[in-house]
$ cat run.csv   # CSV, C-alpha atoms (C1' of nucleotides)
chain,number,residue,atom,x,y,z
A,1,MET,CA,208.8,64.7,60.4
A,2,LYS,CA,205.7,63.7,58.5
A,3,LEU,CA,202.4,63.0,60.2
A,4,ALA,CA,199.1,61.9,58.7
A,5,THR,CA,195.5,61.2,59.6
A,6,TRP,CA,193.0,59.1,57.7
A,7,ASN,CA,189.5,58.0,58.4
A,8,VAL,CA,189.6,54.6,56.6
A,9,ASN,CA,186.0,53.6,57.2
A,10,SER,CA,186.8,50.0,57.9
A,11,LEU,CA,190.4,48.9,58.1
A,12,ALA,CA,189.3,45.4,57.0
A,13,VAL,CA,188.2,46.8,53.7
A,14,ARG,CA,190.9,49.5,53.3
A,15,LEU,CA,194.0,47.7,54.5
A,16,PRO,CA,195.5,47.2,51.0
A,17,GLN,CA,194.9,50.8,50.2
A,18,LEU,CA,196.5,51.9,53.5
A,19,LEU,CA,199.6,49.8,53.0
A,20,ASP,CA,199.9,51.2,49.5
A,21,TRP,CA,199.6,54.7,50.8
A,22,LEU,CA,202.2,54.1,53.5
A,23,ALA,CA,204.6,52.7,51.0
A,24,ASN,CA,204.2,55.8,48.8
A,25,HIS,CA,204.2,58.5,51.5
A,26,HIS,CA,206.2,56.9,54.4
A,27,PRO,CA,204.9,59.2,57.2
A,28,ASP,CA,206.8,58.9,60.5
A,29,ALA,CA,203.4,58.5,62.3
A,30,MET,CA,199.8,58.2,61.2
A,31,VAL,CA,196.5,58.0,63.0
A,32,LEU,CA,193.5,56.1,61.7
A,33,GLN,CA,189.8,56.4,62.5
A,34,GLU,CA,186.9,54.1,62.0
A,35,THR,CA,188.9,51.0,62.0
A,36,LYS,CA,185.8,49.1,63.0
A,37,LEU,CA,187.8,46.2,64.4
A,38,THR,CA,187.9,44.5,67.7
A,39,ASP,CA,191.4,44.5,69.2
A,40,ASP,CA,192.0,40.8,68.5
A,41,LYS,CA,191.4,41.4,64.7
A,42,PHE,CA,193.8,44.4,64.4
A,43,PRO,CA,196.3,43.6,61.6
A,44,HIS,CA,199.5,44.6,63.4
A,45,GLY,CA,201.6,42.0,61.6
A,46,GLU,CA,200.9,43.6,58.3
A,47,PHE,CA,202.0,47.0,59.7
A,48,GLU,CA,205.1,45.5,61.2
A,49,ALA,CA,206.0,44.0,57.9
A,50,ALA,CA,205.7,47.4,56.4
A,51,GLY,CA,208.0,49.0,58.9
A,52,TYR,CA,205.5,50.4,61.4
A,53,ARG,CA,204.8,49.8,65.0
A,54,ALA,CA,201.2,50.1,66.0
A,55,GLU,CA,199.0,50.9,68.9
A,56,TRP,CA,195.3,50.3,68.5
A,57,PHE,CA,192.0,50.7,70.3
A,58,GLY,CA,188.9,49.3,68.7
A,59,GLN,CA,185.4,47.9,69.2
A,60,LYS,CA,182.9,45.9,67.3
A,61,THR,CA,181.2,47.5,64.2
A,62,TYR,CA,181.8,51.2,64.9
A,63,ASN,CA,184.5,53.7,65.7
A,64,GLY,CA,188.0,52.3,66.5
A,65,VAL,CA,191.3,54.2,66.3
A,66,ALA,CA,195.0,53.4,65.8
A,67,LEU,CA,198.4,55.1,65.9
A,68,LEU,CA,201.1,53.8,63.5
A,69,SER,CA,204.7,55.0,63.8
A,70,LYS,CA,208.1,54.1,62.6
A,71,THR,CA,209.6,54.3,66.1
A,72,ALA,CA,207.5,53.0,68.9
A,73,ALA,CA,205.1,55.3,70.6
A,74,THR,CA,205.5,55.8,74.3
A,75,ASP,CA,203.1,56.8,77.1
A,76,VAL,CA,200.2,55.6,75.1
A,77,VAL,CA,196.7,56.5,76.4
A,78,ARG,CA,193.4,55.3,75.2
A,79,ASN,CA,190.3,57.6,75.1
A,80,ILE,CA,190.1,60.7,77.3
A,81,PRO,CA,191.3,60.4,80.9
A,82,GLY,CA,188.6,61.7,83.2
A,83,PHE,CA,185.8,61.3,80.6
A,84,LYS,CA,183.9,58.1,80.8
A,85,ASP,CA,183.2,56.8,77.3
A,86,ASP,CA,182.0,53.4,76.1
A,87,LEU,CA,183.2,54.2,72.5
A,88,ALA,CA,186.8,53.8,71.2
A,89,ARG,CA,187.6,57.3,69.9
A,90,VAL,CA,191.0,58.5,70.9
A,91,ILE,CA,194.5,57.2,71.0
A,92,THR,CA,197.5,59.2,72.2
A,93,GLY,CA,201.2,58.5,72.2
A,94,THR,CA,204.6,60.3,72.1
A,95,VAL,CA,206.6,59.8,68.9
A,96,ASP,CA,210.0,61.4,68.4
A,97,GLY,CA,209.2,64.0,71.1
A,98,VAL,CA,205.8,65.0,69.7
A,99,ARG,CA,202.6,64.2,71.6
A,100,ILE,CA,200.2,62.8,69.1
A,101,VAL,CA,196.5,62.8,69.9
A,102,GLY,CA,194.5,61.0,67.3
A,103,GLY,CA,190.7,61.5,67.6
A,104,TYR,CA,187.5,60.2,66.0
A,105,PHE,CA,185.2,62.9,67.2
A,106,PRO,CA,181.5,62.0,67.5
A,107,ASN,CA,179.4,62.6,64.4
A,108,GLY,CA,176.5,64.1,66.5
A,109,GLN,CA,173.7,63.1,64.0
A,110,ALA,CA,171.7,66.3,64.3
A,111,PRO,CA,171.1,69.2,66.7
A,112,GLY,CA,168.6,68.3,69.4
A,113,THR,CA,169.4,64.6,69.4
A,114,ASP,CA,171.0,62.5,72.2
A,115,LYS,CA,174.0,62.0,69.9
A,116,PHE,CA,174.4,65.7,69.6
A,117,ASP,CA,174.4,66.1,73.4
A,118,TYR,CA,177.0,63.4,73.7
A,119,LYS,CA,179.1,65.2,71.1
A,120,MET,CA,179.0,68.4,73.2
A,121,GLN,CA,179.9,66.5,76.4
A,122,TRP,CA,182.7,64.7,74.6
A,123,LEU,CA,184.1,67.9,73.2
A,124,ARG,CA,184.1,69.4,76.7
A,125,GLY,CA,185.8,66.4,78.1
A,126,LEU,CA,188.5,66.5,75.5
A,127,ARG,CA,189.2,70.2,76.1
A,128,GLU,CA,189.4,69.7,79.9
A,129,TRP,CA,191.9,66.9,79.5
A,130,LEU,CA,193.9,68.6,76.7
A,131,ALA,CA,194.4,71.7,78.8
A,132,ASP,CA,196.4,69.5,81.2
A,133,GLU,CA,198.0,67.5,78.5
A,134,LEU,CA,199.4,70.6,76.9
A,135,THR,CA,201.1,71.7,80.1
A,136,ARG,CA,202.8,68.2,80.3
A,137,HIS,CA,203.5,68.1,76.5
A,138,PRO,CA,203.9,71.5,74.9
A,139,LYS,CA,204.8,69.9,71.6
A,140,LEU,CA,201.4,68.4,70.7
A,141,VAL,CA,199.4,67.6,67.6
A,142,LEU,CA,195.7,66.9,67.7
A,143,LEU,CA,194.5,65.3,64.5
A,144,GLY,CA,191.8,63.2,63.1
A,145,ASP,CA,188.2,63.3,62.0
A,146,PHE,CA,186.8,66.2,63.9
A,147,ASN,CA,183.3,66.0,62.3
A,148,ILE,CA,183.3,69.8,62.5
A,149,ALA,CA,183.8,72.1,59.5
A,150,PRO,CA,185.6,75.1,61.1
A,151,ASP,CA,184.4,77.8,58.8
A,152,ASP,CA,182.0,78.4,55.9
A,153,ARG,CA,184.9,78.2,53.4
A,154,ASP,CA,185.2,74.5,54.6
A,155,VAL,CA,181.7,73.7,53.3
A,156,TYR,CA,180.7,73.3,49.6
A,157,ASP,CA,177.3,74.9,50.2
A,158,PRO,CA,177.4,76.9,53.4
A,159,VAL,CA,173.8,78.2,52.9
A,160,ALA,CA,172.3,74.7,52.7
A,161,TRP,CA,174.5,73.5,55.6
A,162,ALA,CA,173.9,76.4,57.9
A,163,GLY,CA,172.9,75.0,61.3
A,164,GLN,CA,173.2,71.5,60.1
A,165,ILE,CA,175.5,68.9,61.8
A,166,HIS,CA,179.2,69.6,61.4
A,167,CYS,CA,178.3,73.3,60.9
A,168,THR,CA,176.4,74.4,64.0
A,169,ASP,CA,177.5,77.4,66.1
A,170,GLU,CA,177.7,75.0,69.1
A,171,GLU,CA,180.2,72.7,67.4
A,172,ARG,CA,182.2,75.6,66.0
A,173,ASP,CA,182.3,77.3,69.4
A,174,HIS,CA,183.7,74.1,70.9
A,175,LEU,CA,186.4,74.0,68.2
A,176,ARG,CA,187.3,77.6,68.9
A,177,LYS,CA,187.6,76.9,72.6
A,178,LEU,CA,189.9,73.9,71.8
A,179,MET,CA,192.0,76.2,69.7
A,180,ALA,CA,192.1,78.8,72.4
A,181,LEU,CA,194.1,76.3,74.5
A,182,GLY,CA,197.0,77.2,72.1
A,183,LEU,CA,196.3,75.1,68.9
A,184,VAL,CA,196.3,76.3,65.3
A,185,ASP,CA,194.7,74.8,62.2
A,186,ALA,CA,197.8,73.8,60.3
A,187,PHE,CA,196.0,73.7,56.9
A,188,ARG,CA,195.2,77.4,57.2
A,189,LEU,CA,198.8,78.4,57.9
A,190,PHE,CA,199.2,78.1,54.1
A,191,GLU,CA,197.4,79.4,51.0
A,192,GLN,CA,195.2,76.6,49.9
A,193,PRO,CA,193.1,75.9,46.8
A,194,PRO,CA,189.5,77.0,47.2
A,195,LYS,CA,187.0,74.1,47.7
A,196,SER,CA,189.5,72.0,49.6
A,197,TRP,CA,187.5,69.2,51.3
A,198,SER,CA,188.6,66.1,53.2
A,199,TRP,CA,185.2,64.2,53.1
A,200,TRP,CA,182.7,63.7,50.4
A,201,ASP,CA,179.4,61.8,51.0
A,202,TYR,CA,179.2,58.5,49.2
A,203,ARG,CA,175.8,59.6,48.1
A,204,ASN,CA,174.7,62.1,45.4
A,205,LEU,CA,177.8,61.7,43.3
A,206,ALA,CA,179.4,64.1,45.8
A,207,PHE,CA,183.0,63.4,44.9
A,208,ARG,CA,182.5,63.7,41.2
A,209,ARG,CA,180.8,67.0,41.9
A,210,ASN,CA,183.4,68.0,44.5
A,211,GLN,CA,180.6,68.5,47.1
A,212,GLY,CA,182.4,68.0,50.4
A,213,LEU,CA,183.4,69.3,53.7
A,214,ARG,CA,186.8,69.8,55.4
A,215,ILE,CA,186.2,68.0,58.7
A,216,ASP,CA,189.6,66.1,59.0
A,217,LEU,CA,191.9,68.5,60.7
A,218,ILE,CA,195.4,68.8,62.1
A,219,LEU,CA,195.9,71.2,65.0
A,220,VAL,CA,199.4,72.0,66.2
A,221,SER,CA,200.4,73.5,69.5
A,222,ASP,CA,202.0,77.0,69.7
A,223,ALA,CA,205.3,75.3,70.5
A,224,LEU,CA,205.3,73.5,67.2
A,225,LYS,CA,203.7,76.2,65.0
A,226,ALA,CA,207.0,77.6,63.8
A,227,SER,CA,208.2,74.2,62.6
A,228,VAL,CA,205.2,73.5,60.4
A,229,GLN,CA,206.4,73.3,56.7
A,230,ALA,CA,203.3,72.1,54.9
A,231,CYS,CA,199.8,70.7,55.4
A,232,THR,CA,197.9,69.1,52.5
A,233,ILE,CA,194.9,66.9,51.7
A,234,ASP,CA,195.6,64.0,49.5
A,235,ARG,CA,192.6,63.4,47.3
A,236,ALA,CA,194.1,60.6,45.3
A,237,PRO,CA,192.8,57.7,47.5
A,238,ARG,CA,189.3,59.1,47.1
A,239,ARG,CA,189.5,58.1,43.4
A,240,ASN,CA,190.3,54.5,44.2
A,241,GLU,CA,187.9,51.9,43.1
A,242,ARG,CA,186.6,51.2,46.6
A,243,PRO,CA,187.5,54.4,48.5
A,244,SER,CA,187.0,55.6,52.0
A,245,ASP,CA,184.7,58.6,52.0
A,246,HIS,CA,187.5,60.5,53.7
A,247,ALA,CA,190.9,61.6,52.3
A,248,PRO,CA,194.2,61.6,54.2
A,249,VAL,CA,195.6,64.8,55.6
A,250,VAL,CA,199.3,65.2,55.9
A,251,LEU,CA,201.5,67.5,58.0
A,252,THR,CA,205.2,68.1,57.5
A,253,LEU,CA,207.2,69.4,60.5
A,254,ALA,CA,210.8,70.5,60.3
B,1,DA,C1',167.2,62.6,42.9
B,2,DT,C1',165.2,59.8,46.9
B,3,DG,C1',171.3,58.6,43.8
B,4,DT,C1',176.3,54.9,49.0
B,5,DC,C1',178.9,52.0,51.9
B,6,DA,C1',180.0,49.0,55.8
B,7,DC,C1',178.4,46.1,59.3
B,8,DC,C1',175.2,43.7,62.2
B,9,DT,C1',171.5,40.1,62.9
B,10,DG,C1',169.7,36.6,61.0
B,11,DG,C1',168.9,35.0,56.7
B,12,DT,C1',168.3,34.6,51.5
B,13,DA,C1',166.6,41.1,53.4
B,14,DG,C1',166.2,44.9,56.8
B,15,DG,C1',168.1,48.1,60.3
B,16,DT,C1',171.7,51.3,61.9
B,17,DG,C1',175.2,54.7,61.5
B,18,DA,C1',177.7,57.8,58.8

$ encode --input "run.csv" --output "structure tokens"
Amino acid sequence: MKLATWNVNSLAVRLPQLLDWLANHHPDAMVLQETKLTDDKFPHGEFEAAGYRAEWFGQKTYNGVALLSKTAATDVVRNIPGFKDDLARVITGTVDGVRIVGGYFPNGQAPGTDKFDYKMQWLRGLREWLADELTRHPKLVLLGDFNIAPDDRDVYDPVAWAGQIHCTDEERDHLRKLMALGLVDAFRLFEQPPKSWSWWDYRNLAFRRNQGLRIDLILVSDALKASVQACTIDRAPRRNERPSDHAPVVLTLA
DNA sequence: ATGTCACCTGGTAGGTGA
């Protein structure tokens, strides 16, 4: 089983690239972030023509998530039960016996801002719900744009980024607590090339200089850990003519 | 480098978020 996540930064703009990627990589399921589409504009017909069922949850201008799968997802949930949120950030469904939680975690802007406080509240809400969800669905994958770089080796310039958004102790502490529920960073189950990033700022020629962060993560539950065969970042779409600022991340399960 | 992109409102640019 192959799973993938991609922050497409506008599905309206990236749909042709996404359809191309699906045709080349044929994941069994894929989650998307930053679709930036209201639900009436979601291009489900294009996905159906490509062999994918879709569940989607969007809003105007910002955020928006989706779950694509070859077989229909069941028990679909939108956002975090028990956490009131006006923004469309999470979509969850069961595909082929695996509980798939696709998330677009808040960016958080900067420590000390209201957006940072919201990020902390959101992370707490996610953790409280996931603790229950894992008891109901031991085979669970949490994947998406976490907007947190787990470790200094996930940051191109850890000195410059120390204490900055995506790299604060508070964010990393929340990530550790999430993982303490029984989730492991699939990418780090394998030896990886140094300087492996999943996001490069559009500014500053960051991709050309390979100045990025690894903030798009795939966490797998303990019950699935032994079946993880590979986890890779596909940089190729970042070289497209009009790329997303994020690259897809792919998980292969036995 | 302060180097971009996407989307909105409301125009023929400016603001916001990332």

$ closest_residue --input "run.csv" --among "A:Ala162, A:Leu219, A:Val76, A:Ala206" --to "DG3 (chain B)" --atoms "all atoms listed in the file"
A:Ala206

$ interface_residues --input "run.csv" --of "chain A" --to "chain B" --cutoff "12 Å" --atoms "all atoms listed in the file" --output "NGL selection string"
:A and (7-14 or 34-37 or 60-63 or 106-110 or 115 or 147 or 165 or 199-207 or 242-246)

$ closest_residue --input "run.csv" --among "A:Arg136, A:Arg127, A:Lys225, A:His166" --to "Gly82 (chain A)" --atoms "only C-alpha atoms"
A:Arg127

$ atom_distance --input "run.csv" --atom1 "CA of Pro27 (chain A)" --atom2 "CA of Arg238 (chain A)"
18.6 Å

$ residues_around --input "run.csv" --residues "region 65-69 of chain A" --least-positions-apart "6" --cutoff "8 Å" --atoms "all atoms listed in the file" --output "list in words"
Pro27, Asp28, Ala29, Met30, Val31, Leu32, Gln33, Glu34, Thr35, Phe47, Tyr52, Arg53, Ala54, Glu55, Trp56, Phe57, Gly58, Ala88, Arg89, Val90, Ile91, Thr92, Gly93, Val95, Gly102, Gly103 and Tyr104 of chain A

$ residues_around --input "run.csv" --residues "His26 (chain A)" --least-positions-apart "5" --cutoff "10 Å" --atoms "all atoms listed in the file" --output "ChimeraX atom specification"
/A:2-4,19-21,50-52,69-70
